[in-house]
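S.K.: Dropping the structure in here first, questions after.
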Amino acid sequence: MKQWITVVKKEVLDGVRDRRVWLVVLVTALVSGPVTLLLVSKFMSDLRSKAEAREVLVENAAAAPMLVNFLERQGRVIRQPPGDVRESIEAGRFDDAVLVIPDGFERDVQRGKLADVTILHDTNRAQSVTAALTLERMVMGWNQELGLQRMLVRGVDPALVRSVRTTVVAVGTTRGGSARLLFMVPLVALVSAVIGALAIAIDVTAGERERGSLEPLLMNPVSAGALVLGKWLAVCVASLVTLLGTVSSFAVAGQLVRDEALAAAFQFGPTEAGFTLAVLGPFCLFVSSVLMLAALFARGHKEAQATTSYIVSLVSIAPSLSMFLSLQDATWQLLVPAMGQNMVLSRVFRGSPVSVVDVLVPAAVCLVLTSLALFAQTRLLAREAIVFARS
Amino acid sequence: MIRVEGLEKTFVTGRGAQRAVVRAVRGVSFTAPDGAITALLGPNGAGKTTTLRMISTLVKPDAGSAQVGPHDVIREATAVRAELGVLSDARGLYTRLSARENIRYYGELRGMSGSVLEERIRALAALLEFEPVLDRRTEGFSTGEKLKVALARALVHDPKHVLLDEPTNGLDVVSARALRRMLLKLKETGKCLVFSSHVMQEVEALCERVVVIAQGQALHEGSIDSLKERTGQRSLEDAFVQLAFGQGV
């Protein structure tokens with residue numbers, strides 16, 4: 001039997017018997033997709049149920065009968081806010097916004113004086129911010145209605161104060177709007193490929209050094225190339241299995257979504273899953289080789305966890321960089337592992353055109369870097385400092 | 001036969017102000033014949049382990065040469081590794097694999113397979129007396145059990161030449177005796193055995209030939225009697241101490 005096949009068989013068996021590896025694969029692959037989707041689904045349904053409830057919280061509503069009348073004409077139900085709102089906001093327990101009416105508000109409005117109202121909300125909570133904007137829009141609506149009435153009373157044509165008319169037109173790809181939640185798939189899948197490979201990549205390198213099994217292993221008449229190849233393939237198996245599990249769990253979760261709006265925003269079926277696997281497959285090969293290279297410098301599991309944590313962080317951050325830095329899709333991003341894959345998948349999910357080059361360039365970059373990382377490892381295994389230094 | 005000629009090795013440790021140059025081996029020469037056990041006798045840090053690592057091709061000598069059978073350790077490293085069975089200082093086992101799977105892995109890496117390999121594993125387990133734990137995962141094995149599995153792993157391909165680096169370290173009396181019996185059996189089959197030790201009693205019980213190494217140099221090579229004669233001492237320990245550390249120790 002080819003020696004590298006012997007190494008793959010041994011490392012896969014060793015990995016399969018390592019509970020840590022399986023726990024990570026199971027938790028990452030099977031839980032991350034559905035849990036993320038579940039959380040998003042809850043967030044969306046909360047937003048919608050609030051919107052459907054059409055309730056507005058008004059403090060001291062009795063001081064603004066005209067405004068309350070306007071809100072009720074918009075189909076809103078006026079409610080008194082529960083307890084001390086400021087306290088609830090400080091405690092992070094408040095997801096709504098409150099319109100606070102001061103005493104004497106109605107009198108000021110009737111006298112034509114500038115009347116103040118306050119809207120309280122929590123800037124850290126998205127639902128609270130949305131509710132505050134809705135409230136502000138409604139108050140402005142009443143403000144406009146009041147203004148028009150005053151102009152009519154004075155015989156002024158309201159058209160005089162309208163010099164601009166705005167029309168908002170949504171321009172985007174056919175899928176863009178409906179598939180806006182798919183952005184999270186490449187982010188979670190990229191990290192899952194790394195997490196799946198991590199434990200076994202450390203075990204086949206730093207683990208060998210720590211337990212003192214590397215030195216006797218190298219005394220066999222086996223080339224360093226065969227050892228590295230066998231170990232790398234075993235790590236790739238773990239990474240690919242985790243990726244497959246993650247993507248499948250997203251696909252299954254996508255099929256099971258009952259919520260119509262969420263199902264529309266998360267159209268992730270077999271085609272999308274297949275594309276995700278094809279784009280991220282070469283990334284798994286790359287990340288397996290790089291994790292092994294980083295871990296080979298470490299003398300034990302603890303040290304390896306520190307050295308590989310940089311890679312885990314980079315893979316988590318790289319795809320989000322384009323989002324935070326508002327980077328536009330650019331060719332150079334295709335050359336950066338994780339960023340390139342994220343860009344291609346984002347384009348696919350948006351329905352933007354993707355060329356063959358867009359898919360092949362990130363794959364080629366991964367394969368070239370993988371070859372370099374594997375070559376470096378075969379050289380390192382000949383170094384006395386690597387073979388004999390143990391923790 | 002293993003032939004070592006003027007081996008030298010210098011290590012550089014640390015960086016910057018911590019940098020130190022250690023001359024671990026400075027011209028060690030000896031010959032270990034077939035059908036005999038040759039002991040490398042020396043205090044800690046004498047250079048025994050480095051010498052064994054150079055013979056086993058894992059450390060490249062700065063100067064000198066070594067042959068294992070007809071093969072040169074530098075030019076024919078893979079052939080040397082195929083000829084050698086080595087029980088090194090590092091004896092790590094794969095704890096999630098059984099003793100049998102640990103040994104089988106090395107057997108397969110050396111091109112063995114099928115019934116030949118399985119029969120060899122069974123024979124080694126019987127010879128080294130660890131049959132009851134053969135199919136148990138090695139996690140939680142005693143020091144003696146671990147050593148026996150590591151030794152079986154090193155001998156799975158029935159090598160002509162065997163290197164053992166302080167094999168009885170950490171063993172209880174019963175396990176050490178069993179190991180010594182096994183080494184004598186291997187010797188009877190005509191194998192060339194080299195083992196490093198600083199346990200005089202063990203060396204005296206096992207070896208025909210001793211090579212005394214101290215401060216990286218081979219100070220004596222020959223029979224135990226010739227060493228005693230040279231130093232004028234009656235015990236091997238006294239002879240060794242006089243040669244390795246000088247008169248006053």
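A note on labels: chains of the structure tokens are A, B, ... as shown, every chain counts residues from 1, and ligands are counted from 1 in their shown order.
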Within 12 Å of chain B, which residues of chain A show up when using only C-alpha atoms, listed as a PyMOL selection string?
M.R.: chain A and resi 1-19+203-204+207-224+226-227+230+381-390
S.K.: Go ahead and save the residues from that selection, with C-alpha atoms, as an mmCIF file, in the first residue's frame.
M.R.:
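This is the output file again35.cif:
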data_model
loop_
_atom_site.group_PDB
_atom_site.id
_atom_site.type_symbol
_atom_site.label_atom_id
_atom_site.label_comp_id
_atom_site.auth_asym_id
_atom_site.auth_seq_id
_atom_site.Cartn_x
_atom_site.Cartn_y
_atom_site.Cartn_z
ATOM 1 C CA MET A 1 0.000 0.000 0.000
ATOM 2 C CA LYS A 2 1.212 3.472 -0.773
ATOM 3 C CA GLN A 3 2.678 4.953 2.385
ATOM 4 C CA TRP A 4 0.620 8.137 2.190
ATOM 5 C CA ILE A 5 -2.564 6.060 2.120
ATOM 6 C CA THR A 6 -1.411 4.306 5.316
ATOM 7 C CA VAL A 7 -0.889 7.715 6.923
ATOM 8 C CA VAL A 8 -4.337 8.980 5.831
ATOM 9 C CA LYS A 9 -5.999 5.815 7.185
ATOM 10 C CA LYS A 10 -4.238 6.094 10.530
ATOM 11 C CA GLU A 11 -4.892 9.820 10.970
ATOM 12 C CA VAL A 12 -8.563 9.518 9.999
ATOM 13 C CA LEU A 13 -9.024 6.607 12.453
ATOM 14 C CA ASP A 14 -7.216 8.594 15.157
ATOM 15 C CA GLY A 15 -9.364 11.656 14.394
ATOM 16 C CA VAL A 16 -12.606 9.660 14.356
ATOM 17 C CA ARG A 17 -11.793 8.374 17.843
ATOM 18 C CA ASP A 18 -11.051 11.882 19.126
ATOM 19 C CA ARG A 19 -14.219 13.130 20.777
ATOM 20 C CA ASP A 203 -2.972 16.796 16.603
ATOM 21 C CA VAL A 204 -1.080 15.568 13.515
ATOM 22 C CA GLY A 207 0.413 16.712 18.913
ATOM 23 C CA GLU A 208 3.034 14.399 17.398
ATOM 24 C CA ARG A 209 5.779 16.567 18.869
ATOM 25 C CA GLU A 210 4.137 16.821 22.280
ATOM 26 C CA ARG A 211 3.553 13.093 22.753
ATOM 27 C CA GLY A 212 7.034 12.231 21.433
ATOM 28 C CA SER A 213 5.770 10.210 18.480
ATOM 29 C CA LEU A 214 7.253 12.372 15.708
ATOM 30 C CA GLU A 215 10.828 11.202 16.231
ATOM 31 C CA PRO A 216 10.046 7.450 16.003
ATOM 32 C CA LEU A 217 7.694 8.123 13.086
ATOM 33 C CA LEU A 218 10.493 9.788 11.117
ATOM 34 C CA MET A 219 12.724 6.769 11.721
ATOM 35 C CA ASN A 220 10.566 4.770 9.317
ATOM 36 C CA PRO A 221 11.761 4.633 5.693
ATOM 37 C CA VAL A 222 9.034 7.066 4.634
ATOM 38 C CA SER A 223 9.647 10.334 2.839
ATOM 39 C CA ALA A 224 8.611 13.552 4.586
ATOM 40 C CA ALA A 226 4.395 11.069 2.013
ATOM 41 C CA LEU A 227 3.910 11.852 5.717
ATOM 42 C CA GLY A 230 -1.162 11.750 4.268
ATOM 43 C CA LEU A 381 10.399 17.949 9.145
ATOM 44 C CA ALA A 382 14.090 17.722 8.272
ATOM 45 C CA ARG A 383 14.936 20.398 10.850
ATOM 46 C CA GLU A 384 16.400 19.115 14.080
ATOM 47 C CA ALA A 385 14.820 21.996 16.026
ATOM 48 C CA ILE A 386 11.359 20.834 14.920
ATOM 49 C CA VAL A 387 11.887 17.096 15.378
ATOM 50 C CA PHE A 388 13.582 17.104 18.759
ATOM 51 C CA ALA A 389 12.300 20.164 20.619
ATOM 52 C CA ARG A 390 9.443 19.033 22.836
#
S.K.: As a list in words, please: the residues near B:Thr38 (cut-off 8 Å, only C-alpha atoms, same-chain neighbours under 4 positions excluded).
M.R.: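 My reading of the contact set: Ala32, Pro33, Leu193, Val194, Phe195, Cys207, Glu208, Arg209, Val210 and Val211 of chain B.
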S.K.: Give the alpha helix (DSSP H) residues of stretch 138-219 of chain B, as DSSP finds them on the backbone, and put them as a VMD selection string.
M.R.: chain B and resid 143 to 155 173 to 188 200 to 206
S.K.: Residues of the last selection are to be written out with N, CA and C atoms, as a short mmCIF file (atom, residue, chain, number, x, y, z; two decimals), in the first residue's frame.
M.R.:
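See again-v2.cif below for the written result:
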data_model
loop_
_atom_site.label_atom_id
_atom_site.label_comp_id
_atom_site.auth_asym_id
_atom_site.auth_seq_id
_atom_site.Cartn_x
_atom_site.Cartn_y
_atom_site.Cartn_z
N THR B 143 4.21 2.44 32.34
CA THR B 143 5.47 2.73 31.64
C THR B 143 6.01 1.48 30.96
N GLY B 144 5.93 0.36 31.66
CA GLY B 144 6.43 -0.90 31.12
C GLY B 144 5.66 -1.32 29.88
N GLU B 145 4.34 -1.21 29.95
CA GLU B 145 3.50 -1.60 28.80
C GLU B 145 3.79 -0.70 27.60
N LYS B 146 3.93 0.60 27.87
CA LYS B 146 4.24 1.55 26.78
C LYS B 146 5.56 1.18 26.12
N LEU B 147 6.57 0.87 26.97
CA LEU B 147 7.88 0.56 26.43
C LEU B 147 7.85 -0.70 25.57
N LYS B 148 7.08 -1.69 26.03
CA LYS B 148 7.00 -2.94 25.27
C LYS B 148 6.35 -2.70 23.90
N VAL B 149 5.31 -1.88 23.87
CA VAL B 149 4.64 -1.58 22.59
C VAL B 149 5.59 -0.80 21.68
N ALA B 150 6.31 0.17 22.27
CA ALA B 150 7.25 0.97 21.47
C ALA B 150 8.35 0.08 20.90
N LEU B 151 8.78 -0.88 21.71
CA LEU B 151 9.84 -1.78 21.26
C LEU B 151 9.31 -2.70 20.15
N ALA B 152 8.10 -3.22 20.35
CA ALA B 152 7.50 -4.08 19.32
C ALA B 152 7.35 -3.31 18.01
N ARG B 153 6.98 -2.05 18.12
CA ARG B 153 6.81 -1.18 16.96
C ARG B 153 8.15 -1.03 16.22
N ALA B 154 9.23 -0.91 17.02
CA ALA B 154 10.56 -0.72 16.41
C ALA B 154 11.08 -2.02 15.78
N LEU B 155 10.56 -3.17 16.28
CA LEU B 155 11.09 -4.45 15.80
C LEU B 155 10.16 -5.14 14.81
N VAL B 173 11.62 -3.59 38.17
CA VAL B 173 12.61 -4.67 38.10
C VAL B 173 12.14 -5.80 37.18
N VAL B 174 10.86 -6.17 37.32
CA VAL B 174 10.36 -7.32 36.54
C VAL B 174 10.39 -7.00 35.04
N SER B 175 9.93 -5.78 34.68
CA SER B 175 9.91 -5.39 33.26
C SER B 175 11.33 -5.28 32.72
N ALA B 176 12.24 -4.73 33.54
CA ALA B 176 13.64 -4.58 33.09
C ALA B 176 14.25 -5.94 32.83
N ARG B 177 13.93 -6.92 33.70
CA ARG B 177 14.48 -8.27 33.50
C ARG B 177 13.92 -8.89 32.22
N ALA B 178 12.63 -8.67 32.00
CA ALA B 178 11.99 -9.23 30.79
C ALA B 178 12.64 -8.64 29.55
N LEU B 179 12.91 -7.34 29.62
CA LEU B 179 13.53 -6.67 28.47
C LEU B 179 14.94 -7.22 28.22
N ARG B 180 15.66 -7.42 29.31
CA ARG B 180 17.03 -7.95 29.15
C ARG B 180 17.01 -9.35 28.53
N ARG B 181 16.03 -10.15 28.95
CA ARG B 181 15.90 -11.50 28.37
C ARG B 181 15.65 -11.41 26.87
N MET B 182 14.83 -10.44 26.52
CA MET B 182 14.48 -10.29 25.12
C MET B 182 15.69 -9.84 24.28
N LEU B 183 16.49 -8.94 24.86
CA LEU B 183 17.68 -8.46 24.13
C LEU B 183 18.66 -9.62 23.90
N LEU B 184 18.77 -10.49 24.91
CA LEU B 184 19.67 -11.64 24.76
C LEU B 184 19.16 -12.57 23.66
N LYS B 185 17.82 -12.73 23.59
CA LYS B 185 17.25 -13.58 22.53
C LYS B 185 17.56 -12.99 21.16
N LEU B 186 17.44 -11.66 21.06
CA LEU B 186 17.72 -11.00 19.77
C LEU B 186 19.18 -11.20 19.38
N LYS B 187 20.04 -11.11 20.38
CA LYS B 187 21.48 -11.29 20.12
C LYS B 187 21.74 -12.69 19.56
N GLU B 188 21.05 -13.69 20.16
CA GLU B 188 21.25 -15.07 19.73
C GLU B 188 20.85 -15.29 18.26
N MET B 200 25.35 0.37 35.23
CA MET B 200 26.49 -0.53 35.09
C MET B 200 26.10 -2.00 35.16
N GLN B 201 25.18 -2.30 36.12
CA GLN B 201 24.76 -3.68 36.35
C GLN B 201 24.16 -4.27 35.07
N GLU B 202 23.39 -3.45 34.41
CA GLU B 202 22.72 -3.86 33.18
C GLU B 202 23.74 -4.14 32.07
N VAL B 203 24.69 -3.21 31.95
CA VAL B 203 25.71 -3.34 30.92
C VAL B 203 26.53 -4.61 31.14
N GLU B 204 26.87 -4.84 32.41
CA GLU B 204 27.68 -6.01 32.75
C GLU B 204 26.93 -7.31 32.44
N ALA B 205 25.61 -7.29 32.68
CA ALA B 205 24.81 -8.51 32.47
C ALA B 205 24.58 -8.80 30.99
N LEU B 206 24.64 -7.78 30.16
CA LEU B 206 24.22 -7.95 28.76
C LEU B 206 25.34 -7.91 27.73
#
S.K.: With only C-alpha atoms as the counted atoms, please give the residues lying no more than 9 Å from stretch 113-121 of chain A, apart from itself and same-chain residues fewer than 5 positions off, as a compact mmCIF listing (two decimals) with C-alpha atoms, in the first residue's frame.
M.R.:
# COMPACT_ATOMS: atom_id res chain seq x y z
CA VAL A 85 -38.85 53.64 30.35
CA ARG A 86 -35.45 55.23 31.06
CA ILE A 89 -33.49 51.28 28.45
CA PHE A 94 -36.61 47.87 26.06
CA ASP A 95 -37.21 47.07 22.37
CA ASP A 96 -39.70 49.84 21.57
CA ALA A 97 -39.82 53.67 21.49
CA VAL A 98 -41.95 56.09 23.53
CA LEU A 99 -43.46 59.41 22.50
CA VAL A 100 -43.32 61.72 25.53
CA ILE A 101 -45.80 64.62 25.52
CA PRO A 102 -45.13 67.53 27.89
CA GLY A 104 -49.25 72.30 27.87
CA PHE A 105 -48.43 70.72 24.48
CA GLU A 106 -51.99 71.19 23.10
CA ARG A 107 -52.11 74.83 24.30
CA ASP A 108 -48.81 75.63 22.54
CA SER A 128 -36.04 50.19 19.24
CA VAL A 129 -34.35 52.35 16.59
CA ALA A 131 -39.77 51.99 16.29
CA ALA A 132 -38.36 55.49 16.99
CA LEU A 135 -42.85 57.37 15.55
CA GLU A 136 -40.88 60.33 14.21
CA VAL A 139 -45.30 62.98 14.20
S.K.: Quick one: residues within 10 Å of A:Thr331, only C-alpha atoms, excluding same-chain residues fewer than 5 positions away - as a list in words?
M.R.: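 Counting only C-alpha atoms, the residues come to Val336, Gly340, Met343, Asp358 and Val361 of chain A.
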S.K.: State, in Å with one decimal place, the distance from atom CA of B:Ile103 to atom CA of B:Pro167.
M.R.: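 Here the two named atoms are 17.7 Å from each other.
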S.K.: Apply DSSP to the backbone of this structure and, from stretch 44-186 of chain A, keep only the residues in strand (DSSP E); write these as JSON, numbers by chain.
M.R.: {"A": [55, 56, 57, 58, 59, 77, 78, 79, 98, 99, 100, 118, 119, 120]}
S.K.: Please indicate the distance in Å from atom CA of B:Gly6 to atom CA of B:Glu76, rounded to one decimal place.
M.R.: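 Spanning atom CA of B:Gly6 to atom CA of B:Glu76 is a straight-line distance of 18.3 Å.
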S.K.: How many Å separate atom CA of B:Gln242 from atom CA of B:Thr31?
M.R.: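 Atom CA of B:Thr31 lies 22.9 Å from atom CA of B:Gln242.
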S.K.: Find the residues near B:Val28: any atom within 7 Å, counting only C-alpha atoms, skip ones fewer than 6 places away on the same chain, and give them as an mmCIF file with N, CA and C atoms, in the first residue's frame.
M.R.:
data_model
loop_
_atom_site.group_PDB
_atom_site.id
_atom_site.type_symbol
_atom_site.label_atom_id
_atom_site.label_comp_id
_atom_site.auth_asym_id
_atom_site.auth_seq_id
_atom_site.Cartn_x
_atom_site.Cartn_y
_atom_site.Cartn_z
ATOM 1 N N GLU B 5 32.662 6.334 12.387
ATOM 2 C CA GLU B 5 34.024 6.839 12.184
ATOM 3 C C GLU B 5 34.073 8.353 12.355
ATOM 4 N N GLY B 6 34.635 8.794 13.437
ATOM 5 C CA GLY B 6 34.899 10.237 13.657
ATOM 6 C C GLY B 6 33.686 11.145 13.584
ATOM 7 N N LEU B 7 32.550 10.683 14.144
ATOM 8 C CA LEU B 7 31.327 11.506 14.089
ATOM 9 C C LEU B 7 31.469 12.770 14.940
ATOM 10 N N GLU B 8 30.992 13.877 14.374
ATOM 11 C CA GLU B 8 31.012 15.141 15.120
ATOM 12 C C GLU B 8 29.691 15.860 14.952
ATOM 13 N N GLN B 217 33.257 12.452 23.504
ATOM 14 C CA GLN B 217 34.348 11.665 22.902
ATOM 15 C C GLN B 217 34.295 10.206 23.357
ATOM 16 N N ALA B 218 34.693 9.293 22.467
ATOM 17 C CA ALA B 218 34.780 7.888 22.851
ATOM 18 C C ALA B 218 36.139 7.670 23.508
#
